[in-house]
Amino acid sequence: MDEHTDKLTLARQAYTARDWATAAALFDVVATEQLTSTDLTAYADAAWWLGRIEDTLRLNAAACDAFLAAFRPVEAAWTAMVLGIFHLGRGDEPQGMGWIGRAGRLLQGAPECKVHGYLLHLTEVETNLQAGRPAAAADAARRTQDLGRRLGQPDLVALGLNGEGRALIRSGQVADGLRLLDEAMITVLDGRLDPFASGTLYCHTVATCHQVADIRRMSRWIGLTEEWLAAFPAAVAFGGLCAVHRAQLQLLRGEWDEAERTALRVVTDLDANRIDYAAEAWYVVAEVRRLRGDPSAADAYDEAHARGRDPQPGRALLQLQKNQPAAAATSVRSAVAAAGPDPLRRAPLWAAAVEIAISAGRLEEASSAASELTATAATFGTSGLEAMATAAHGAVLLAQDHAEEALPVLRDACRRWHELGAAYDAAAVCVRLAVAYRALGDETSAAAEVARAEATFERLGAYRQAPGSPDGLTGRECEVLSLVADGRSNREIGRALHISDRTVARHLTNAFHKIGVASRTQAARYAIDHGLTAGR
């Protein structure tokens with residue numbers, strides 16, 4: 001046995017043992033002419049797990065040719081399909097669809113097999129889900145399951161269950177859909193699937209939980225994914241996908257340093273393998289920077305956009321942070337229109353639209369957006385959507401000067417965010433609670449809520465506009481607004497500033513016009529948001 005033959009035998013053994021790093025290193029030193037078509041696919045697979053995507057594409061293309069030369073069209077079709085998946089992941093749709101089309105052509109006349117099921121899943125389940133046709137996707141997913149059962153292929157059954165579950169969720173049948181997702185994952189947890197199918201199902205499940213804002217379920221599945229990945233330390237691609245979902249969770253929970261580090265650590269690998277996840281990683285980075293007032297947030301949104309990720313609602317909220325409420329309102333309205341009728345895509349946009357419309361003094365728009373968000377939360381019923389909708393409803397009630405009605409709603413929203421570990425969102429609701437308590441004359445409770453919010457903002461390093469004179473306000477107008485936020489009447493403000501009640505009223509009229517509000521409650525909220533309150 002010569003040296004190359006010996007290394008080839010060891011490479012095959014390492015690949016069978018799923019030791020991809022060793023397998024790839026050994027394949028690297030074997031002469032290409034000694035590799036069979038099966039060796040080429042094993043070599044390509046090992047390279048993919050290590051993140052060597054260019055080698056993967058080259059080797060799989062060679063394997064496809066070798067299978068065709070050996071008159072093995074089914075194996076060639078499988079390899080062509082895998083090439084299609086990888087090219088699509090890189091954002092190269094023409095090559096991706098070209099290879100998938102070739103796979104379908106190679107299967108013509110072949111007996112029913114596993115490749116038929118995967119192509120059905122790709123071309124009908126996934127395509128219909130992306131196009132917003134959940135009923136058609138569910139039908140194709142059930143056919144995938146049936147084929148998997150006939151062929152004794154548990155991976156096809158699990159993929160079909162997962163696809164049907166996602167389709168039901170998109171149709172508003174959330175509880176039934178989530179049950180199917182969980183059922184599909186039983187097969188994964190039992191270790192009955194190959195690693196690629198397992199990783200795919202983990203990613204689909206976590207991504208769906210994020211999409212419907214089921215934060216608790218998302219957290220649980222991320223933890224289980226990380227446990228699974230611990231057995232595959234060389235899993236560069238799946239490790240990167242999971243890292244992006246971990247970063248999304250860290251962003252929500254106020255672990256902002258960790259979120260940015262986690263996202264930035266994987267963007268280079270994901271640019272080569274999954275450009276959609278690279279875009280999402282940059283969006284997480286942008287959100288962290290916006291929330292901290294980092295000017296480079298705009299550049300990070302651009303990076304996400306360049307990779308195909310709509311930078312909204314973050315970009316609109318960044319405009320609001322820069323005291324451009326009218327421009328922000330226009331941006332978020334455009335984003336809602338671009339999102340189409342899909343309520344899950346529109347939900348985070350509606351949440352931002354409420355915030356922006358209130359700041360712009362457009363209360364009818366805010367109320368309409370909150371109603372849309374409430375309807376979505378009622379349909380899908382997940383913890384995150386319900387928290388978002390409750391917070392939006394409370395904010396609108398407060399902006400409409402219904403402090404007594406707003407108070408219990410805001411308290412409920414604060415509780416929901418707190419239970420989800422969403423520290424920043426809970427603190428933002430505390431600010432509104434303070435305004436509501438002050439409107440009702442409860443200064444002690446208002447002070448407690450402000451202190452609680454400020455402590456959280458300080459701990460997170462959250463951006464809070466520095467004291468000054470925003471929106472063209474004069475120094476005296478800022479003083480008047482500060483005392484309004486403190487719950488003072490016009491007479492009390494006049495006494496504190498040694499001016500007449502009429503002068504106080506004039507300052508308030510001018511200030512209300514400049515900042516686009518119509519009530520003392522809205523003015524108090526503005527003063528807190530812009531750092532105009534006493535002691536800040």
# chains A, B, ... in the order shown; residues from 1 in each chain; ligands from 1

$ closest_atom_pairs --of "range 278-368 of chain A" --to "range 108-131 of chain A" --cutoff "12 Å" --atoms "only C-alpha atoms" --output "JSON lines"
{"residue": "A:Gly340", "atom": "CA", "partner": "A:Ala131", "partner_atom": "CA", "distance": 10.9}
{"residue": "A:Pro341", "atom": "CA", "partner": "A:Ala131", "partner_atom": "CA", "distance": 11.3}
{"residue": "A:Asp342", "atom": "CA", "partner": "A:Ala131", "partner_atom": "CA", "distance": 10.1}
{"residue": "A:Arg345", "atom": "CA", "partner": "A:Gln130", "partner_atom": "CA", "distance": 11.7}

$ residues_around --residues "range 500-507 of chain A" --least-positions-apart "6" --cutoff "9 Å" --atoms "only C-alpha atoms" --output "NGL selection string"
:A and (476-477 or 480-481 or 490-494)

$ write_last_selection --atoms "N, CA, C and O atoms" --output "PDB file, in the first residue's frame"
ATOM      1  N   ARG A 476     -35.500  78.833  27.936  1.00  0.00           N
ATOM      2  CA  ARG A 476     -36.662  78.994  28.814  1.00  0.00           C
ATOM      3  C   ARG A 476     -37.736  77.949  28.478  1.00  0.00           C
ATOM      4  O   ARG A 476     -38.366  77.389  29.378  1.00  0.00           O
ATOM      5  N   GLU A 477     -37.939  77.674  27.176  1.00  0.00           N
ATOM      6  CA  GLU A 477     -38.912  76.658  26.790  1.00  0.00           C
ATOM      7  C   GLU A 477     -38.508  75.285  27.317  1.00  0.00           C
ATOM      8  O   GLU A 477     -39.356  74.489  27.756  1.00  0.00           O
ATOM      9  N   VAL A 480     -39.433  75.184  30.966  1.00  0.00           N
ATOM     10  CA  VAL A 480     -40.872  75.010  31.144  1.00  0.00           C
ATOM     11  C   VAL A 480     -41.262  73.547  30.895  1.00  0.00           C
ATOM     12  O   VAL A 480     -42.020  72.956  31.683  1.00  0.00           O
ATOM     13  N   LEU A 481     -40.729  72.962  29.831  1.00  0.00           N
ATOM     14  CA  LEU A 481     -41.049  71.560  29.538  1.00  0.00           C
ATOM     15  C   LEU A 481     -40.548  70.635  30.635  1.00  0.00           C
ATOM     16  O   LEU A 481     -41.202  69.641  30.981  1.00  0.00           O
ATOM     17  N   ASN A 490     -49.332  75.335  35.418  1.00  0.00           N
ATOM     18  CA  ASN A 490     -48.795  76.597  34.909  1.00  0.00           C
ATOM     19  C   ASN A 490     -48.474  77.557  36.047  1.00  0.00           C
ATOM     20  O   ASN A 490     -47.452  78.258  36.029  1.00  0.00           O
ATOM     21  N   ARG A 491     -49.355  77.623  37.040  1.00  0.00           N
ATOM     22  CA  ARG A 491     -49.113  78.526  38.167  1.00  0.00           C
ATOM     23  C   ARG A 491     -47.843  78.127  38.920  1.00  0.00           C
ATOM     24  O   ARG A 491     -47.017  78.978  39.277  1.00  0.00           O
ATOM     25  N   GLU A 492     -47.676  76.819  39.143  1.00  0.00           N
ATOM     26  CA  GLU A 492     -46.479  76.360  39.867  1.00  0.00           C
ATOM     27  C   GLU A 492     -45.209  76.603  39.056  1.00  0.00           C
ATOM     28  O   GLU A 492     -44.159  76.948  39.610  1.00  0.00           O
ATOM     29  N   ILE A 493     -45.309  76.451  37.728  1.00  0.00           N
ATOM     30  CA  ILE A 493     -44.149  76.726  36.873  1.00  0.00           C
ATOM     31  C   ILE A 493     -43.802  78.205  36.943  1.00  0.00           C
ATOM     32  O   ILE A 493     -42.618  78.587  37.052  1.00  0.00           O
ATOM     33  N   GLY A 494     -44.833  79.054  36.873  1.00  0.00           N
ATOM     34  CA  GLY A 494     -44.591  80.496  36.952  1.00  0.00           C
ATOM     35  C   GLY A 494     -43.896  80.885  38.237  1.00  0.00           C
ATOM     36  O   GLY A 494     -42.957  81.702  38.233  1.00  0.00           O
TER      37      GLY A 494
END

$ residues_around --residues "Ser359 in chain A" --least-positions-apart "4" --cutoff "8 Å" --atoms "only C-alpha atoms" --output "NGL selection string"
:A and (325 or 355 or 516-517 or 526)

$ residues_around --residues "Leu10 in chain A" --least-positions-apart "2" --cutoff "9 Å" --atoms "only C-alpha atoms" --output "PyMOL selection string"
chain A and resi 5-8+12-15+22-23+26-27

$ atom_distance --atom1 "CA of Arg261 in chain A" --atom2 "CA of Leu344 in chain A"
27.6 Å

$ residues_around --residues "Asp486 in chain A" --least-positions-apart "6" --cutoff "12 Å" --atoms "only C-alpha atoms" --output "PyMOL selection string"
chain A and resi 434-444+446-447+450+479-480+492-493+496+520-521+523-525+527-528+532-535

$ residues_around --residues "range 286-296 of chain A" --least-positions-apart "4" --cutoff "10 Å" --atoms "only C-alpha atoms" --output "mmCIF file with N, CA and C atoms, in the first residue's frame"
data_model
loop_
_atom_site.group_PDB
_atom_site.id
_atom_site.type_symbol
_atom_site.label_atom_id
_atom_site.label_comp_id
_atom_site.auth_asym_id
_atom_site.auth_seq_id
_atom_site.Cartn_x
_atom_site.Cartn_y
_atom_site.Cartn_z
ATOM 1 N N GLN A 248 -29.253 37.747 18.046
ATOM 2 C CA GLN A 248 -30.598 38.336 18.082
ATOM 3 C C GLN A 248 -31.169 38.279 19.496
ATOM 4 N N GLN A 250 -29.417 38.029 22.304
ATOM 5 C CA GLN A 250 -28.613 38.914 23.153
ATOM 6 C C GLN A 250 -29.022 40.375 22.966
ATOM 7 N N LEU A 251 -29.347 40.756 21.752
ATOM 8 C CA LEU A 251 -29.826 42.113 21.489
ATOM 9 C C LEU A 251 -31.087 42.395 22.280
ATOM 10 N N LEU A 252 -32.040 41.477 22.221
ATOM 11 C CA LEU A 252 -33.304 41.650 22.938
ATOM 12 C C LEU A 252 -33.065 41.762 24.440
ATOM 13 N N GLY A 254 -30.570 42.863 26.078
ATOM 14 C CA GLY A 254 -29.707 43.936 26.564
ATOM 15 C C GLY A 254 -28.261 43.522 26.738
ATOM 16 N N GLU A 255 -27.885 42.379 26.208
ATOM 17 C CA GLU A 255 -26.483 41.934 26.260
ATOM 18 C C GLU A 255 -25.791 42.455 25.010
ATOM 19 N N TRP A 256 -25.660 43.770 24.948
ATOM 20 C CA TRP A 256 -25.299 44.415 23.691
ATOM 21 C C TRP A 256 -23.847 44.194 23.295
ATOM 22 N N ASP A 257 -22.937 44.219 24.247
ATOM 23 C CA ASP A 257 -21.534 43.942 23.912
ATOM 24 C C ASP A 257 -21.414 42.558 23.289
ATOM 25 N N GLU A 258 -22.048 41.589 23.939
ATOM 26 C CA GLU A 258 -21.981 40.214 23.450
ATOM 27 C C GLU A 258 -22.655 40.083 22.089
ATOM 28 N N ALA A 259 -23.778 40.772 21.903
ATOM 29 C CA ALA A 259 -24.497 40.686 20.622
ATOM 30 C C ALA A 259 -23.634 41.184 19.471
ATOM 31 N N GLU A 260 -22.986 42.327 19.667
ATOM 32 C CA GLU A 260 -22.158 42.874 18.587
ATOM 33 C C GLU A 260 -20.954 41.981 18.318
ATOM 34 N N GLU A 280 -28.296 39.649 8.270
ATOM 35 C CA GLU A 280 -28.957 39.725 9.570
ATOM 36 C C GLU A 280 -27.960 40.037 10.670
ATOM 37 N N ALA A 281 -26.751 39.496 10.559
ATOM 38 C CA ALA A 281 -25.709 39.800 11.550
ATOM 39 C C ALA A 281 -25.382 41.290 11.544
ATOM 40 N N TRP A 282 -25.277 41.875 10.361
ATOM 41 C CA TRP A 282 -24.999 43.312 10.282
ATOM 42 C C TRP A 282 -26.168 44.134 10.836
ATOM 43 N N ALA A 300 -23.542 50.360 9.433
ATOM 44 C CA ALA A 300 -23.912 48.953 9.639
ATOM 45 C C ALA A 300 -25.248 48.640 8.969
ATOM 46 N N TYR A 301 -26.207 49.576 9.018
ATOM 47 C CA TYR A 301 -27.461 49.374 8.283
ATOM 48 C C TYR A 301 -27.179 49.252 6.782
ATOM 49 N N ASP A 302 -26.238 50.045 6.290
ATOM 50 C CA ASP A 302 -25.875 49.967 4.877
ATOM 51 C C ASP A 302 -25.293 48.597 4.532
ATOM 52 N N GLU A 303 -24.475 48.043 5.440
ATOM 53 C CA GLU A 303 -23.907 46.712 5.204
ATOM 54 C C GLU A 303 -25.018 45.660 5.115
ATOM 55 N N ALA A 304 -25.988 45.760 6.007
ATOM 56 C CA ALA A 304 -27.116 44.826 5.955
ATOM 57 C C ALA A 304 -27.896 44.989 4.648
ATOM 58 N N PRO A 311 -33.251 47.401 5.786
ATOM 59 C CA PRO A 311 -32.718 47.980 7.026
ATOM 60 C C PRO A 311 -33.781 48.607 7.926
ATOM 61 N N PRO A 313 -37.102 48.303 10.567
ATOM 62 C CA PRO A 313 -37.396 49.689 10.950
ATOM 63 C C PRO A 313 -36.224 50.433 11.582
ATOM 64 N N GLY A 314 -35.054 49.755 11.681
ATOM 65 C CA GLY A 314 -33.938 50.396 12.366
ATOM 66 C C GLY A 314 -33.544 51.738 11.789
ATOM 67 N N ARG A 315 -33.508 51.822 10.457
ATOM 68 C CA ARG A 315 -33.071 53.070 9.828
ATOM 69 C C ARG A 315 -34.056 54.206 10.131
ATOM 70 N N LEU A 317 -35.940 54.429 12.842
ATOM 71 C CA LEU A 317 -35.745 54.778 14.249
ATOM 72 C C LEU A 317 -34.463 55.586 14.441
ATOM 73 N N LEU A 318 -33.473 55.357 13.583
ATOM 74 C CA LEU A 318 -32.258 56.163 13.634
ATOM 75 C C LEU A 318 -32.560 57.601 13.223
ATOM 76 N N GLN A 321 -34.085 59.225 16.148
ATOM 77 C CA GLN A 321 -33.056 59.550 17.134
ATOM 78 C C GLN A 321 -32.331 60.847 16.774
ATOM 79 N N LYS A 322 -32.261 61.127 15.479
ATOM 80 C CA LYS A 322 -31.597 62.342 15.009
ATOM 81 C C LYS A 322 -32.562 63.521 14.916
ATOM 82 N N TYR A 424 -34.159 46.627 27.950
ATOM 83 C CA TYR A 424 -34.315 47.953 27.356
ATOM 84 C C TYR A 424 -35.783 48.261 27.089
ATOM 85 N N PHE A 457 -30.871 52.091 31.673
ATOM 86 C CA PHE A 457 -30.197 52.752 30.559
ATOM 87 C C PHE A 457 -28.708 52.947 30.847
ATOM 88 N N LEU A 460 -26.910 49.564 30.481
ATOM 89 C CA LEU A 460 -26.796 49.124 29.097
ATOM 90 C C LEU A 460 -25.920 50.042 28.258
ATOM 91 N N GLY A 461 -25.668 51.250 28.748
ATOM 92 C CA GLY A 461 -24.979 52.225 27.918
ATOM 93 C C GLY A 461 -25.881 52.748 26.821
ATOM 94 N N ALA A 462 -27.183 52.818 27.110
ATOM 95 C CA ALA A 462 -28.153 53.236 26.101
ATOM 96 C C ALA A 462 -28.040 54.734 25.823
ATOM 97 N N TYR A 463 -28.313 55.072 24.586
ATOM 98 C CA TYR A 463 -28.279 56.473 24.174
ATOM 99 C C TYR A 463 -29.430 57.232 24.806
ATOM 100 N N ARG A 464 -29.108 58.340 25.406
ATOM 101 C CA ARG A 464 -30.115 59.274 25.910
ATOM 102 C C ARG A 464 -29.669 60.656 25.485
ATOM 103 N N GLN A 465 -30.521 61.363 24.802
ATOM 104 C CA GLN A 465 -30.123 62.654 24.257
ATOM 105 C C GLN A 465 -29.642 63.581 25.360
#

$ residues_around --residues "Ala357 in chain A" --least-positions-apart "3" --cutoff "12 Å" --atoms "only C-alpha atoms" --output "ChimeraX atom specification"
/A:316-317,320,324-333,349-354,360-370,392,395-396,399,516-517,522

$ atom_distance --atom1 "CA of Val174 in chain A" --atom2 "CA of Ala423 in chain A"
26.4 Å

$ closest_residue --among "A:Trp78, A:Tyr277, A:Phe512, A:Phe380" --to "Ile169 in chain A" --atoms "only C-alpha atoms"
A:Phe380

$ closest_residue --among "A:Phe238, A:Phe67, A:Trp20, A:Phe196" --to "Ile222 in chain A" --atoms "only C-alpha atoms"
A:Phe238

$ closest_residue --among "A:Pro470, A:Gly199, A:Pro348, A:Gly89" --to "Ala272 in chain A" --atoms "only C-alpha atoms"
A:Gly89
